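Undergrad: Following this line is run03.txt, made up of compact mmCIF, C-alpha atoms and all ligand atoms:
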```txt
# COMPACT_ATOMS: atom_id res chain seq x y z
CA MET A 921 0.00 0.00 0.00
CA THR A 922 1.38 3.37 -0.94
CA PHE A 923 0.79 6.46 1.19
CA ARG A 924 -2.38 8.46 0.66
CA ILE A 925 -3.53 11.48 2.62
CA ASP A 926 -6.24 10.19 4.87
CA PRO A 927 -9.63 11.97 4.55
CA GLY A 928 -9.68 12.09 8.36
CA PHE A 929 -6.43 14.04 8.31
CA VAL A 930 -7.96 16.53 5.86
CA SER A 931 -11.04 17.10 8.03
CA ALA A 932 -8.90 17.49 11.16
CA HIS A 933 -6.74 20.05 9.35
CA ASN A 934 -9.84 21.84 8.07
CA ALA A 935 -11.32 21.93 11.58
CA LYS A 936 -8.41 24.07 12.77
CA HIS A 937 -9.38 26.89 10.43
CA SER A 938 -13.07 26.35 9.86
CA ALA A 939 -14.35 28.86 12.46
CA ALA A 940 -12.39 31.67 10.77
CA LEU A 941 -13.63 30.52 7.39
CA GLU A 942 -17.26 30.56 8.53
CA GLU A 943 -16.80 34.15 9.67
CA ASP A 944 -15.15 35.28 6.42
CA PHE A 945 -17.72 33.41 4.37
CA ALA A 946 -20.62 35.03 6.19
CA ALA A 947 -19.08 38.51 5.74
CA LEU A 948 -18.47 37.89 2.04
CA GLY A 949 -22.01 36.56 1.70
CA ARG A 950 -23.42 39.79 3.15
CA SER A 951 -21.27 41.95 0.91
CA LEU A 952 -22.26 39.96 -2.20
CA ALA A 953 -25.92 40.07 -1.19
CA ARG A 954 -25.73 43.88 -1.27
CA ARG A 955 -24.75 43.48 -4.92
CA GLY A 956 -27.71 41.19 -5.48
CA LEU A 957 -25.56 38.05 -5.59
CA ASP A 958 -26.36 34.80 -3.80
CA ILE A 959 -23.17 33.30 -2.39
CA GLU A 960 -24.66 29.80 -2.29
CA ALA A 961 -25.37 29.88 -6.03
CA LEU A 962 -21.77 30.98 -6.60
CA VAL A 963 -20.43 28.18 -4.40
CA ALA A 964 -22.41 25.67 -6.46
CA LYS A 965 -20.97 27.04 -9.71
CA VAL A 966 -17.41 27.07 -8.43
CA ALA A 967 -17.80 23.53 -7.08
CA SER A 968 -18.82 22.33 -10.53
CA PHE A 969 -15.71 23.81 -12.17
CA GLY A 970 -13.10 21.26 -13.18
CA VAL A 971 -9.76 21.54 -14.92
CA ALA A 972 -7.66 18.63 -16.19
CA VAL A 973 -4.15 18.13 -14.86
CA PRO A 974 -1.47 17.17 -17.40
CA THR A 975 0.28 13.93 -16.46
CA TRP A 976 3.57 15.52 -17.55
CA GLY A 977 3.01 18.36 -15.08
CA VAL A 978 3.51 16.33 -11.90
CA GLY A 979 7.13 15.56 -12.71
CA THR A 980 9.67 18.35 -12.21
CA GLY A 981 10.14 20.21 -15.47
CA GLY A 982 13.28 21.83 -16.71
CA THR A 983 14.73 24.20 -19.21
CA ARG A 984 17.11 23.44 -22.01
CA PHE A 985 19.87 24.26 -19.53
CA ALA A 986 19.06 21.91 -16.71
CA ARG A 987 16.53 20.02 -14.72
CA PHE A 988 16.63 19.82 -10.95
CA PRO A 989 14.55 16.83 -9.90
CA GLY A 990 12.95 16.89 -6.47
CA LEU A 991 12.59 14.10 -3.96
CA GLY A 992 9.89 11.50 -4.37
CA GLU A 993 9.37 12.29 -8.05
CA PRO A 994 6.91 10.08 -9.92
CA ARG A 995 8.88 7.35 -11.70
CA ASN A 996 6.18 6.26 -14.09
CA ILE A 997 2.63 6.99 -15.15
CA PHE A 998 1.18 5.11 -12.20
CA ASP A 999 3.06 7.30 -9.74
CA LYS A 1000 1.90 10.31 -11.77
CA ILE A 1001 -1.72 9.21 -11.50
CA GLU A 1002 -1.26 8.86 -7.75
CA ASP A 1003 0.00 12.46 -7.54
CA CYS A 1004 -2.88 13.66 -9.71
CA GLY A 1005 -5.23 11.86 -7.33
CA THR A 1006 -3.73 13.77 -4.41
CA ILE A 1007 -4.26 17.07 -6.22
CA GLN A 1008 -7.89 16.17 -6.81
CA ALA A 1009 -8.43 14.90 -3.26
CA LEU A 1010 -7.30 18.21 -1.78
CA THR A 1011 -8.64 20.70 -4.34
CA ARG A 1012 -11.71 18.88 -5.73
CA ALA A 1013 -11.13 20.98 -8.84
CA THR A 1014 -9.14 18.54 -10.97
CA PRO A 1015 -11.28 15.47 -11.69
CA ALA A 1016 -9.57 14.59 -14.99
CA ILE A 1017 -6.08 14.01 -16.31
CA SER A 1018 -4.68 14.69 -19.75
CA PRO A 1019 -2.13 12.07 -20.85
CA HIS A 1020 0.74 12.44 -23.32
CA PHE A 1021 1.89 9.61 -25.58
CA PRO A 1022 4.32 7.95 -25.88
CA TRP A 1023 5.43 9.41 -22.53
CA ASP A 1024 2.60 7.61 -20.73
CA ARG A 1025 2.70 4.43 -22.80
CA VAL A 1026 2.19 1.13 -20.94
CA ALA A 1027 1.61 -2.40 -22.18
CA ASP A 1028 -1.79 -2.67 -20.52
CA ILE A 1029 -3.89 0.40 -21.25
CA LYS A 1030 -6.77 -0.92 -19.16
CA ALA A 1031 -4.50 -0.76 -16.12
CA LEU A 1032 -4.18 3.01 -16.67
CA ARG A 1033 -7.90 3.50 -16.68
CA GLU A 1034 -8.25 1.41 -13.55
CA ALA A 1035 -5.47 3.24 -11.75
CA ALA A 1036 -7.14 6.55 -12.55
CA ALA A 1037 -10.52 5.29 -11.41
CA THR A 1038 -9.00 4.23 -8.08
CA GLN A 1039 -8.05 7.86 -7.59
CA GLY A 1040 -11.48 9.08 -8.72
CA LEU A 1041 -10.07 10.41 -11.99
CA VAL A 1042 -11.14 10.20 -15.63
CA PHE A 1043 -9.21 10.93 -18.81
CA ASP A 1044 -9.46 14.18 -20.68
CA ALA A 1045 -7.92 14.91 -24.11
CA VAL A 1046 -5.05 12.70 -25.23
CA ASN A 1047 -1.91 14.54 -26.43
CA SER A 1048 0.25 13.18 -29.23
CA ASN A 1049 3.98 13.74 -29.43
CA THR A 1050 5.76 14.07 -32.75
CA PHE A 1051 8.22 16.63 -31.49
CA GLN A 1052 10.80 14.13 -30.24
CA ASP A 1053 12.33 10.96 -31.55
CA GLN A 1054 11.70 7.86 -29.48
CA VAL A 1055 14.09 4.96 -29.02
CA GLY A 1056 13.70 2.57 -31.92
CA GLN A 1057 11.65 5.02 -34.00
CA LYS A 1058 12.10 4.37 -37.72
CA LEU A 1059 12.17 7.92 -39.11
CA SER A 1060 13.31 11.14 -37.43
CA TYR A 1061 11.22 14.22 -36.69
CA LYS A 1062 14.29 16.45 -36.76
CA PHE A 1063 12.91 18.34 -39.76
CA GLY A 1064 9.25 18.08 -38.93
CA SER A 1065 6.45 15.57 -38.57
CA LEU A 1066 2.97 16.14 -40.02
CA SER A 1067 4.38 18.74 -42.44
CA HIS A 1068 7.67 16.97 -43.22
CA THR A 1069 8.87 17.05 -46.82
CA ASP A 1070 9.08 13.24 -46.82
CA LYS A 1071 5.71 11.51 -47.11
CA ALA A 1072 7.00 8.52 -45.16
CA VAL A 1073 7.68 10.75 -42.12
CA ARG A 1074 4.26 12.35 -42.46
CA ASP A 1075 2.66 8.92 -42.57
CA GLN A 1076 4.54 7.86 -39.46
CA ALA A 1077 3.27 10.98 -37.65
CA VAL A 1078 -0.29 10.32 -38.85
CA GLY A 1079 0.05 6.72 -37.64
CA HIS A 1080 1.12 7.91 -34.20
CA ASN A 1081 -1.88 10.24 -33.95
CA LEU A 1082 -4.22 7.44 -35.00
CA GLU A 1083 -2.65 5.23 -32.36
CA CYS A 1084 -3.27 7.97 -29.79
CA ILE A 1085 -6.94 7.93 -30.75
CA GLU A 1086 -7.03 4.17 -30.20
CA ILE A 1087 -5.41 4.54 -26.79
CA GLY A 1088 -7.75 7.40 -25.97
CA LYS A 1089 -10.77 5.25 -26.83
CA ALA A 1090 -9.62 2.64 -24.34
CA LEU A 1091 -9.16 5.36 -21.73
CA GLY A 1092 -12.58 6.92 -22.22
CA SER A 1093 -11.17 10.09 -23.71
CA LYS A 1094 -13.09 12.09 -26.32
CA ALA A 1095 -10.48 14.36 -27.88
CA LEU A 1096 -7.02 14.40 -29.37
CA THR A 1097 -4.80 17.46 -28.97
CA VAL A 1098 -2.23 17.93 -31.70
CA TRP A 1099 0.68 20.29 -31.26
CA ILE A 1100 3.50 20.02 -33.74
CA ALA A 1101 6.94 21.52 -33.41
CA ASP A 1102 7.24 21.77 -37.20
CA GLY A 1103 8.69 24.95 -38.63
CA ALA A 1104 11.97 26.41 -39.75
CA ASN A 1105 14.95 28.17 -38.22
CA PHE A 1106 16.11 29.89 -41.40
CA ALA A 1107 14.41 32.16 -43.86
CA GLY A 1108 14.13 30.16 -47.05
CA GLN A 1109 14.50 26.81 -45.26
CA SER A 1110 10.91 25.89 -45.84
CA ASN A 1111 8.27 26.84 -48.38
CA LEU A 1112 5.66 28.50 -46.16
CA THR A 1113 2.74 27.53 -48.36
CA ARG A 1114 3.77 23.97 -49.14
CA ALA A 1115 4.57 23.19 -45.51
CA LEU A 1116 1.04 24.19 -44.53
CA ASP A 1117 -0.42 22.18 -47.45
CA ARG A 1118 1.39 19.09 -46.25
CA TYR A 1119 0.18 19.66 -42.68
CA LEU A 1120 -3.42 20.04 -43.82
CA GLU A 1121 -3.24 16.90 -45.91
CA ALA A 1122 -1.80 14.85 -43.05
CA MET A 1123 -4.28 16.28 -40.57
CA ALA A 1124 -7.13 15.30 -42.87
CA ASP A 1125 -5.92 11.70 -42.53
CA VAL A 1126 -5.93 12.00 -38.75
CA TYR A 1127 -9.33 13.67 -38.83
CA ALA A 1128 -10.69 10.78 -40.88
CA GLY A 1129 -9.74 8.44 -38.04
CA LEU A 1130 -11.76 10.29 -35.40
CA PRO A 1131 -14.72 8.45 -33.92
CA GLU A 1132 -18.12 10.11 -34.38
CA ASP A 1133 -18.22 11.62 -30.89
CA TRP A 1134 -14.59 12.77 -30.82
CA GLN A 1135 -12.99 16.14 -31.44
CA ILE A 1136 -9.52 17.14 -32.53
CA PHE A 1137 -7.89 20.15 -30.87
CA LEU A 1138 -5.40 22.13 -32.92
CA GLU A 1139 -2.81 23.86 -30.77
CA HIS A 1140 -0.92 26.72 -32.34
CA LYS A 1141 2.37 28.17 -31.15
CA LEU A 1142 4.27 31.16 -32.43
CA TYR A 1143 7.81 29.93 -31.93
CA GLU A 1144 10.03 27.32 -30.26
CA PRO A 1145 11.62 24.99 -31.05
CA ALA A 1146 11.45 26.50 -34.55
CA PHE A 1147 12.49 30.13 -34.26
CA TYR A 1148 12.00 31.63 -37.71
CA THR A 1149 8.55 30.25 -38.48
CA THR A 1150 6.25 27.56 -37.20
CA VAL A 1151 3.69 25.85 -39.40
CA VAL A 1152 0.74 26.40 -37.08
CA SER A 1153 1.94 29.72 -35.75
CA ASP A 1154 -1.16 31.59 -34.67
CA TRP A 1155 -4.89 31.42 -34.11
CA GLY A 1156 -5.53 32.55 -37.68
CA THR A 1157 -3.74 29.55 -39.12
CA SER A 1158 -5.32 27.30 -36.51
CA PHE A 1159 -8.78 28.66 -37.26
CA ALA A 1160 -8.42 28.27 -41.03
CA ALA A 1161 -7.11 24.74 -40.60
CA ALA A 1162 -9.94 23.80 -38.22
CA GLN A 1163 -12.43 25.29 -40.64
CA GLN A 1164 -11.05 23.28 -43.53
CA LEU A 1165 -10.85 20.04 -41.56
CA GLY A 1166 -14.46 20.10 -40.42
CA PRO A 1167 -16.78 20.49 -37.42
CA LYS A 1168 -14.87 18.11 -35.16
CA ALA A 1169 -11.76 20.28 -35.42
CA LYS A 1170 -11.40 23.19 -33.00
CA CYS A 1171 -8.70 25.56 -31.82
CA LEU A 1172 -6.96 25.14 -28.50
CA VAL A 1173 -5.59 28.22 -26.78
CA ASP A 1174 -2.40 27.72 -24.79
CA LEU A 1175 -1.95 30.99 -22.95
CA GLY A 1176 1.80 31.06 -23.55
CA HIS A 1177 1.73 30.52 -27.29
CA HIS A 1178 1.13 34.04 -28.55
CA ALA A 1179 3.15 37.07 -29.48
CA PRO A 1180 3.87 39.33 -26.50
CA ASN A 1181 1.02 41.71 -25.67
CA VAL A 1182 -1.47 39.90 -27.88
CA ASN A 1183 -5.03 40.33 -26.66
CA ILE A 1184 -5.73 36.70 -25.74
CA GLU A 1185 -9.22 37.34 -24.40
CA GLN A 1186 -10.15 38.76 -27.78
CA ILE A 1187 -8.90 35.63 -29.51
CA VAL A 1188 -11.05 33.62 -27.10
CA ALA A 1189 -14.07 35.80 -27.92
CA ARG A 1190 -13.49 35.37 -31.66
CA LEU A 1191 -13.14 31.61 -31.44
CA ILE A 1192 -16.32 31.38 -29.38
CA ARG A 1193 -18.12 33.58 -31.90
CA PHE A 1194 -17.27 31.19 -34.71
CA ASN A 1195 -17.88 28.06 -32.63
CA LYS A 1196 -14.26 27.00 -32.84
CA LEU A 1197 -12.98 27.27 -29.28
CA ALA A 1198 -11.70 23.83 -28.26
CA GLY A 1199 -10.45 24.85 -24.87
CA PHE A 1200 -7.31 25.84 -23.04
CA HIS A 1201 -3.89 24.94 -21.88
CA PHE A 1202 -3.71 27.24 -18.89
CA ASN A 1203 -0.44 28.66 -17.64
CA ASP A 1204 1.06 32.10 -17.21
CA SER A 1205 3.99 33.86 -18.79
CA LYS A 1206 6.03 37.01 -18.82
CA TYR A 1207 7.87 36.60 -22.10
CA GLY A 1208 6.59 33.67 -24.15
CA ASP A 1209 5.91 30.00 -23.57
CA ASP A 1210 7.25 30.29 -20.04
CA ASP A 1211 4.84 27.67 -18.68
CA LEU A 1212 4.62 29.48 -15.33
CA ASP A 1213 1.81 28.82 -12.87
CA ALA A 1214 -1.64 30.06 -13.90
CA GLY A 1215 -2.44 33.44 -12.41
CA SER A 1216 1.07 33.97 -11.01
CA VAL A 1217 2.07 36.81 -13.34
CA GLU A 1218 -1.05 38.30 -14.88
CA PRO A 1219 -4.14 37.41 -12.85
CA PHE A 1220 -6.11 40.22 -14.48
CA ARG A 1221 -5.58 38.74 -17.92
CA LEU A 1222 -6.75 35.38 -16.64
CA PHE A 1223 -9.83 37.08 -15.24
CA LEU A 1224 -10.48 38.71 -18.63
CA VAL A 1225 -10.33 35.33 -20.32
CA PHE A 1226 -12.87 33.96 -17.85
CA ASN A 1227 -14.94 37.07 -18.31
CA GLU A 1228 -15.38 36.07 -21.97
CA LEU A 1229 -16.19 32.49 -20.98
CA VAL A 1230 -18.83 33.51 -18.44
CA ASP A 1231 -20.28 35.98 -20.90
CA ALA A 1232 -20.55 33.25 -23.56
CA ALA A 1233 -22.12 30.77 -21.13
CA GLY A 1234 -24.57 33.43 -19.98
CA ARG A 1235 -25.82 34.21 -23.45
CA GLY A 1236 -26.06 30.49 -24.26
CA ALA A 1237 -23.39 30.52 -27.00
CA GLU A 1238 -23.90 27.69 -29.44
CA LYS A 1239 -22.17 24.38 -28.60
CA PHE A 1240 -20.07 26.13 -26.00
CA ALA A 1241 -18.22 23.51 -23.96
CA PRO A 1242 -14.51 24.35 -23.74
CA ALA A 1243 -12.08 21.79 -22.36
CA TYR A 1244 -10.05 23.15 -19.48
CA MET A 1245 -6.54 21.85 -19.05
CA ILE A 1246 -3.38 23.07 -17.37
CA ASP A 1247 -0.07 22.95 -19.25
CA GLN A 1248 2.80 24.06 -17.06
CA SER A 1249 6.39 23.21 -16.32
CA HIS A 1250 7.28 23.29 -12.63
CA ASN A 1251 10.99 23.81 -12.50
CA ILE A 1252 11.61 25.10 -8.98
CA THR A 1253 8.49 24.22 -7.00
CA ASP A 1254 6.90 21.00 -5.85
CA PRO A 1255 4.70 20.28 -8.90
CA ILE A 1256 1.82 19.10 -6.72
CA GLU A 1257 1.77 22.41 -4.85
CA SER A 1258 1.98 24.41 -8.06
CA LEU A 1259 -0.82 22.47 -9.70
CA MET A 1260 -3.09 22.77 -6.66
CA GLN A 1261 -2.51 26.51 -6.47
CA SER A 1262 -3.02 26.88 -10.23
CA ALA A 1263 -6.35 25.08 -10.07
CA ILE A 1264 -7.38 27.45 -7.27
CA GLU A 1265 -6.31 30.50 -9.29
CA LEU A 1266 -8.43 29.29 -12.21
CA GLN A 1267 -11.39 28.89 -9.90
CA ARG A 1268 -10.71 32.34 -8.53
CA ALA A 1269 -10.74 33.91 -12.00
CA TYR A 1270 -13.95 32.03 -12.76
CA ALA A 1271 -15.64 33.11 -9.51
CA GLN A 1272 -14.62 36.74 -10.04
CA ALA A 1273 -15.95 36.67 -13.59
CA LEU A 1274 -19.25 35.38 -12.20
CA LEU A 1275 -19.48 38.53 -10.07
CA VAL A 1276 -19.59 40.89 -13.04
CA ASP A 1277 -22.95 42.60 -13.25
CA ARG A 1278 -23.65 41.83 -16.91
CA ALA A 1279 -26.65 44.13 -17.18
CA GLU A 1280 -24.74 47.09 -15.71
CA LEU A 1281 -21.77 46.34 -17.90
CA ALA A 1282 -23.92 46.17 -21.03
CA ALA A 1283 -25.64 49.42 -20.10
CA ALA A 1284 -22.29 51.18 -19.63
CA GLN A 1285 -21.07 49.79 -22.94
CA GLU A 1286 -24.20 50.93 -24.76
CA ALA A 1287 -23.84 54.39 -23.24
CA ASN A 1288 -20.18 54.56 -24.25
CA ASP A 1289 -19.28 54.99 -20.61
CA ALA A 1290 -15.75 53.67 -20.95
CA LEU A 1291 -14.64 54.12 -17.35
CA GLY A 1292 -17.97 52.99 -15.96
CA ALA A 1293 -17.75 49.77 -17.96
CA HIS A 1294 -14.18 49.22 -16.90
CA LEU A 1295 -15.08 49.75 -13.25
CA GLN A 1296 -17.69 47.01 -13.50
CA LEU A 1297 -14.88 44.61 -14.34
CA LYS A 1298 -12.55 46.02 -11.70
CA ARG A 1299 -15.23 45.72 -9.05
CA ALA A 1300 -15.49 42.02 -9.75
CA PHE A 1301 -11.76 41.48 -10.11
CA THR A 1302 -10.83 43.20 -6.86
CA CYS A 1303 -13.29 41.22 -4.77
CA ASP A 1304 -11.52 38.69 -2.54
CA VAL A 1305 -13.39 35.45 -3.17
CA SER A 1306 -10.99 33.24 -1.20
CA ALA A 1307 -13.58 32.31 1.43
CA LEU A 1308 -16.04 31.31 -1.29
CA LEU A 1309 -13.45 29.06 -2.94
CA ALA A 1310 -12.39 27.51 0.35
CA MET A 1311 -15.98 26.81 1.30
CA ALA A 1312 -16.72 25.18 -2.07
CA ARG A 1313 -13.66 23.00 -1.62
CA MET A 1314 -14.40 22.05 1.95
CA ARG A 1315 -18.00 21.16 1.27
CA SER A 1316 -16.88 18.93 -1.59
CA GLY A 1317 -14.63 17.01 0.79
CA GLY A 1318 -11.41 18.83 -0.10
CA ALA A 1319 -8.98 20.85 1.95
CA LEU A 1320 -9.72 24.35 3.12
CA ASP A 1321 -6.05 25.18 2.59
CA PRO A 1322 -4.70 22.59 0.08
CA VAL A 1323 -1.03 23.59 0.16
CA GLY A 1324 -0.99 23.89 3.97
CA CYS A 1325 -2.74 20.54 4.38
CA TYR A 1326 -0.45 18.86 1.84
CA ARG A 1327 2.65 20.10 3.66
CA ALA A 1328 1.32 19.09 7.06
CA ALA A 1329 0.52 15.60 5.77
CA GLY A 1330 4.15 15.04 4.77
CA TYR A 1331 3.13 13.56 1.41
CA ARG A 1332 6.37 14.37 -0.36
CA LYS A 1333 8.47 12.90 2.44
CA GLN A 1334 6.47 9.70 2.28
CA LYS A 1335 6.90 9.52 -1.49
CA ALA A 1336 10.63 10.16 -1.17
CA ALA A 1337 10.84 6.96 0.87
CA GLU A 1338 8.57 5.01 -1.45
CA ARG A 1339 10.16 6.23 -4.68
CA PRO A 1340 13.94 6.00 -4.50
CA VAL A 1341 15.93 8.57 -6.50
CA SER A 1342 16.79 7.37 -9.99
CA GLY A 1343 19.90 9.56 -10.12
CA VAL A 1344 19.04 10.82 -13.58
CA ALA A 1345 19.68 14.53 -14.08
CA SER A 1346 18.69 15.62 -17.52
CA ALA A 1347 17.87 18.79 -19.40
CA GLY A 1348 14.67 19.76 -21.16
CA ILE A 1349 11.11 18.52 -21.14
CA VAL A 1350 10.03 15.40 -19.21
C1 LIG B 1401 4.32 22.52 -26.10
C2 LIG B 1401 2.81 22.59 -26.11
C3 LIG B 1401 2.15 21.27 -25.91
C4 LIG B 1401 2.83 20.43 -24.86
C5 LIG B 1401 4.32 20.40 -25.03
C6 LIG B 1401 5.00 19.61 -23.95
O1 LIG B 1401 4.87 23.80 -25.99
O2 LIG B 1401 2.37 23.50 -25.14
O3 LIG B 1401 0.82 21.44 -25.52
O4 LIG B 1401 2.32 19.14 -25.02
O5 LIG B 1401 4.81 21.73 -25.05
MN MN B 1402 0.24 23.39 -24.52
MN MN B 1403 3.74 25.22 -24.63
```
Can you dump the structure from the file as structure tokens?
Ligand code: RM4
Ligand code: MN
Ligand code: MN

TA:
Amino acid sequence: MTFRIDPGFVSAHNAKHSAALEEDFAALGRSLARRGLDIEALVAKVASFGVAVPTWGVGTGGTRFARFPGLGEPRNIFDKIEDCGTIQALTRATPAISPHFPWDRVADIKALREAAATQGLVFDAVNSNTFQDQVGQKLSYKFGSLSHTDKAVRDQAVGHNLECIEIGKALGSKALTVWIADGANFAGQSNLTRALDRYLEAMADVYAGLPEDWQIFLEHKLYEPAFYTTVVSDWGTSFAAAQQLGPKAKCLVDLGHHAPNVNIEQIVARLIRFNKLAGFHFNDSKYGDDDLDAGSVEPFRLFLVFNELVDAAGRGAEKFAPAYMIDQSHNITDPIESLMQSAIELQRAYAQALLVDRAELAAAQEANDALGAHLQLKRAFTCDVSALLAMARMRSGGALDPVGCYRAAGYRKQKAAERPVSGVASAGIV
């Protein structure tokens, strides 16, 4: 038996702070009531919010310079599932996991599904990987995958994506996320038009392999590892490709994959408008694809993204059901702590967006009252909803203070004993 945080421990830890929480919750309830908001309705909405944790996120990440593994790191996908289960047990905001193949490959796929179920988890979108070469792989992806000049490489990449769909079916997943690293480092290296043609052709083959009730998520990225151009560089390319592929193809927004200062919330609004928003890879960034913790750098931008989502849900936008996932690299923190806090920050942005008085905002917008409209957003954003979030968590059986409870439980220390250090110090992803 491996160590799990006992539910009794969580309730005992909660009990230490619950009187203070009750007080803060009651005060917040009164203040929200003055705005015509029912705190209980908000608690119910927040409690129903879920975001998928990436299996690759629970291992310590790294940069291309170095990786500094922590103690008790997950050694395989089963350890990763266990850590994801801990995140869900304490936050009650992460009921699904998003796997990456071949990183998470095992001989017995059923065993994965069972391991997840034991932790109360289900599988969200499956991610394919044609940005690295695997041991024993026939053809290299050094110069691209789905858009490679060589048809044999493209076919291999298509085959891998089709295999991911098969694995996903066995896991109960309903979507495939495709991000390719294809692009060029030199002007002139690649024909910009032909590279996209090849990508579209290969993606049509993957699309043809999708089950009826599946979707394919196209993830764009401006740069890295290709630094002069990438094939699916921006939401425009992603949108056009999704449009051409068909209704099951939608555009996934990774918050770190845009040019600096791009108005991401506007991209979100546009994709919703045209029924092409697949969902998100949440993270935060200062410069680019930094993969920092959600809400740690620009919480207001995160709020603005959720503001668009709440607005769309409120007006009953057609087929609006975005998939929420986190995609982060935890290089210097305990990944479990970072992921728990990130899930909370996403819930916070969601709760704050729910506070916006939509009628007042619309009235200010119609009257061209620029500052008045802005203040409606600021009023919601500056409200401290921590007590609301903690109450939603506690009532769902989670921890009032997930990071505090996790530390007090000594989870990482227990795992350090259970999972001996492998001694591998590597650079880069994984
Ligand atoms: C990429 C992209 C993909 C992720 C890989 C690891 O930058 O964000 O979603 O699967 O990193
Ligand atoms: Mn991503
Ligand atoms: Mn990324």

Undergrad: Choose the residue, out of A:Leu1175, A:Ile1085, A:Ala953, A:Leu1191, that has the smallest atom-to-atom separation from ligand MN 1402 (chain B); count all atoms listed in the file.

TA: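 Among A:Leu1175, A:Ile1085, A:Ala953, A:Leu1191, it is A:Leu1175 that comes nearest to ligand MN 1402 (chain B).
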
Undergrad: Taking only C-alpha atoms and all ligand atoms into account, list the residues no farther than 9 Å from ligand MN 1403 (chain B), as a list in words.

TA: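 Here is the list of contacting residues: Trp1099, Lys1141, Glu1144, Asp1174, Leu1175, Gly1176, His1177, His1201, Asn1203, Gly1208, Asp1209, Asp1210, Asp1211, Asp1247, Gln1248 and Ser1249 of chain A.
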
Undergrad: Do you know which residues are at most 12 Å from A:Ala935 counting all atoms listed in the file, after dropping those on the same chain fewer than 3 positions away, and could you put them as a list in words?

TA: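 Within the cut-off, the hits are Gly928, Phe929, Val930, Ser931, Ala932, Ser938, Ala939, Ala940, Leu941, Glu942, Met1314, Ala1319, Leu1320, Asp1321 and Cys1325 of chain A.
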
Undergrad: Taking C-alpha atoms for each residue, export the selection above as a compact mmCIF listing (two decimals), in the frame of the given file.

TA:
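The result, stored in part07.txt:
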```txt
# COMPACT_ATOMS: atom_id res chain seq x y z
CA GLY A 928 -9.68 12.09 8.36
CA PHE A 929 -6.43 14.04 8.31
CA VAL A 930 -7.96 16.53 5.86
CA SER A 931 -11.04 17.10 8.03
CA ALA A 932 -8.90 17.49 11.16
CA SER A 938 -13.07 26.35 9.86
CA ALA A 939 -14.35 28.86 12.46
CA ALA A 940 -12.39 31.67 10.77
CA LEU A 941 -13.63 30.52 7.39
CA GLU A 942 -17.26 30.56 8.53
CA MET A 1314 -14.40 22.05 1.95
CA ALA A 1319 -8.98 20.85 1.95
CA LEU A 1320 -9.72 24.35 3.12
CA ASP A 1321 -6.05 25.18 2.59
CA CYS A 1325 -2.74 20.54 4.38
```

Undergrad: Would you mind reading off the distance between atom CA of A:Lys1062 and atom O2 of ligand LIG 1401 (chain B), one decimal, in Å?

TA: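 Atom O2 of ligand LIG 1401 (chain B) lies at a distance of 18.1 Å from atom CA of A:Lys1062.
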
Undergrad: At what distance in Å, to one decimal, does atom CA of A:Ala1128 lie from atom CA of A:Leu1197?

TA: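 Atom-to-atom, atom CA of A:Leu1197 to atom CA of A:Ala1128, that is 20.3 Å.
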
Undergrad: Got a sec: who's within 12 Å of A:Leu1116, counting only C-alpha atoms, leaving out chain neighbours fewer than 2 positions off, as a list in words?

TA: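 In the requested format, the answer is Gly1064, Ser1065, Leu1066, Ser1067, His1068, Thr1069, Ile1100, Asp1102, Gly1103, Ser1110, Asn1111, Leu1112, Thr1113, Arg1114, Arg1118, Tyr1119, Leu1120, Glu1121, Ala1122, Met1123, Thr1149, Thr1150, Val1151, Val1152, Ser1153, Thr1157, Ser1158, Ala1160 and Ala1161 of chain A.
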
Undergrad: May I ask for the distance between atom CA of A:Arg1025 and atom CA of A:Glu1139, given in Å to one decimal place?

TA: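 That distance, rounded to one decimal, is 21.7 Å.
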
Undergrad: Once 5 Å is added on each side, what are the centre and the three edge lengths, in Å to one decimal, of the axis-aligned box enclosing the listed atoms of stretch 1272-1282 of chain A? Present them as AutoDock Vina command-line options.

TA:
```
--center_x -20.6 --center_y 41.2 --center_z -15.5 --size_x 22.0 --size_y 21.7 --size_z 21.0
```

Undergrad: Using all atoms listed in the file, determine which residues lie at most 9 Å from A:Asp944, disregarding the query and same-chain residues fewer than 5 positions distant; provide the list as a PyMOL selection string.

TA: chain A and resi 939+949+1306-1308

Undergrad: Can you pull out every residue within 10 Å of stretch 1217-1224 of chain A, counting only C-alpha atoms, but drop anything in the same chain fewer than 2 positions away, and send it as number ranges by chain?

TA: A: 1175, 1183-1186, 1188, 1202-1206, 1212-1215, 1226-1230, 1265-1273, 1297-1298, 1300-1302

Undergrad: Determine, for each residue of stretch 988-1016 of chain A having at least one atom at most 7 Å from an atom of stretch 960-982 of chain A, the closest pair of atoms and their separation in Å to one decimal, counting all atoms listed in the file; order by chain and ascending number, as CSV.

TA:
```
residue,atom,partner,partner_atom,distance
A:Phe988,CA,A:Gly982,CA,7.0
A:Pro989,CA,A:Thr980,CA,5.6
A:Gly990,CA,A:Thr980,CA,6.8
A:Glu993,CA,A:Gly979,CA,6.1
A:Pro994,CA,A:Gly979,CA,6.2
A:Lys1000,CA,A:Thr975,CA,6.1
A:Asp1003,CA,A:Val978,CA,6.8
A:Cys1004,CA,A:Val973,CA,6.9
A:Ala1013,CA,A:Gly970,CA,4.8
A:Thr1014,CA,A:Val971,CA,5.0
A:Pro1015,CA,A:Gly970,CA,6.2
A:Ala1016,CA,A:Ala972,CA,4.6
```

Undergrad: Applying 12 Å and only C-alpha atoms, which residues near A:Glu1257 remain after dropping the ones on its own chain fewer than 2 positions away? List them as a PyMOL selection string.

TA: chain A and resi 977-980+1003-1004+1006-1008+1010-1011+1213+1250+1252-1255+1259-1264+1321-1327+1331-1332
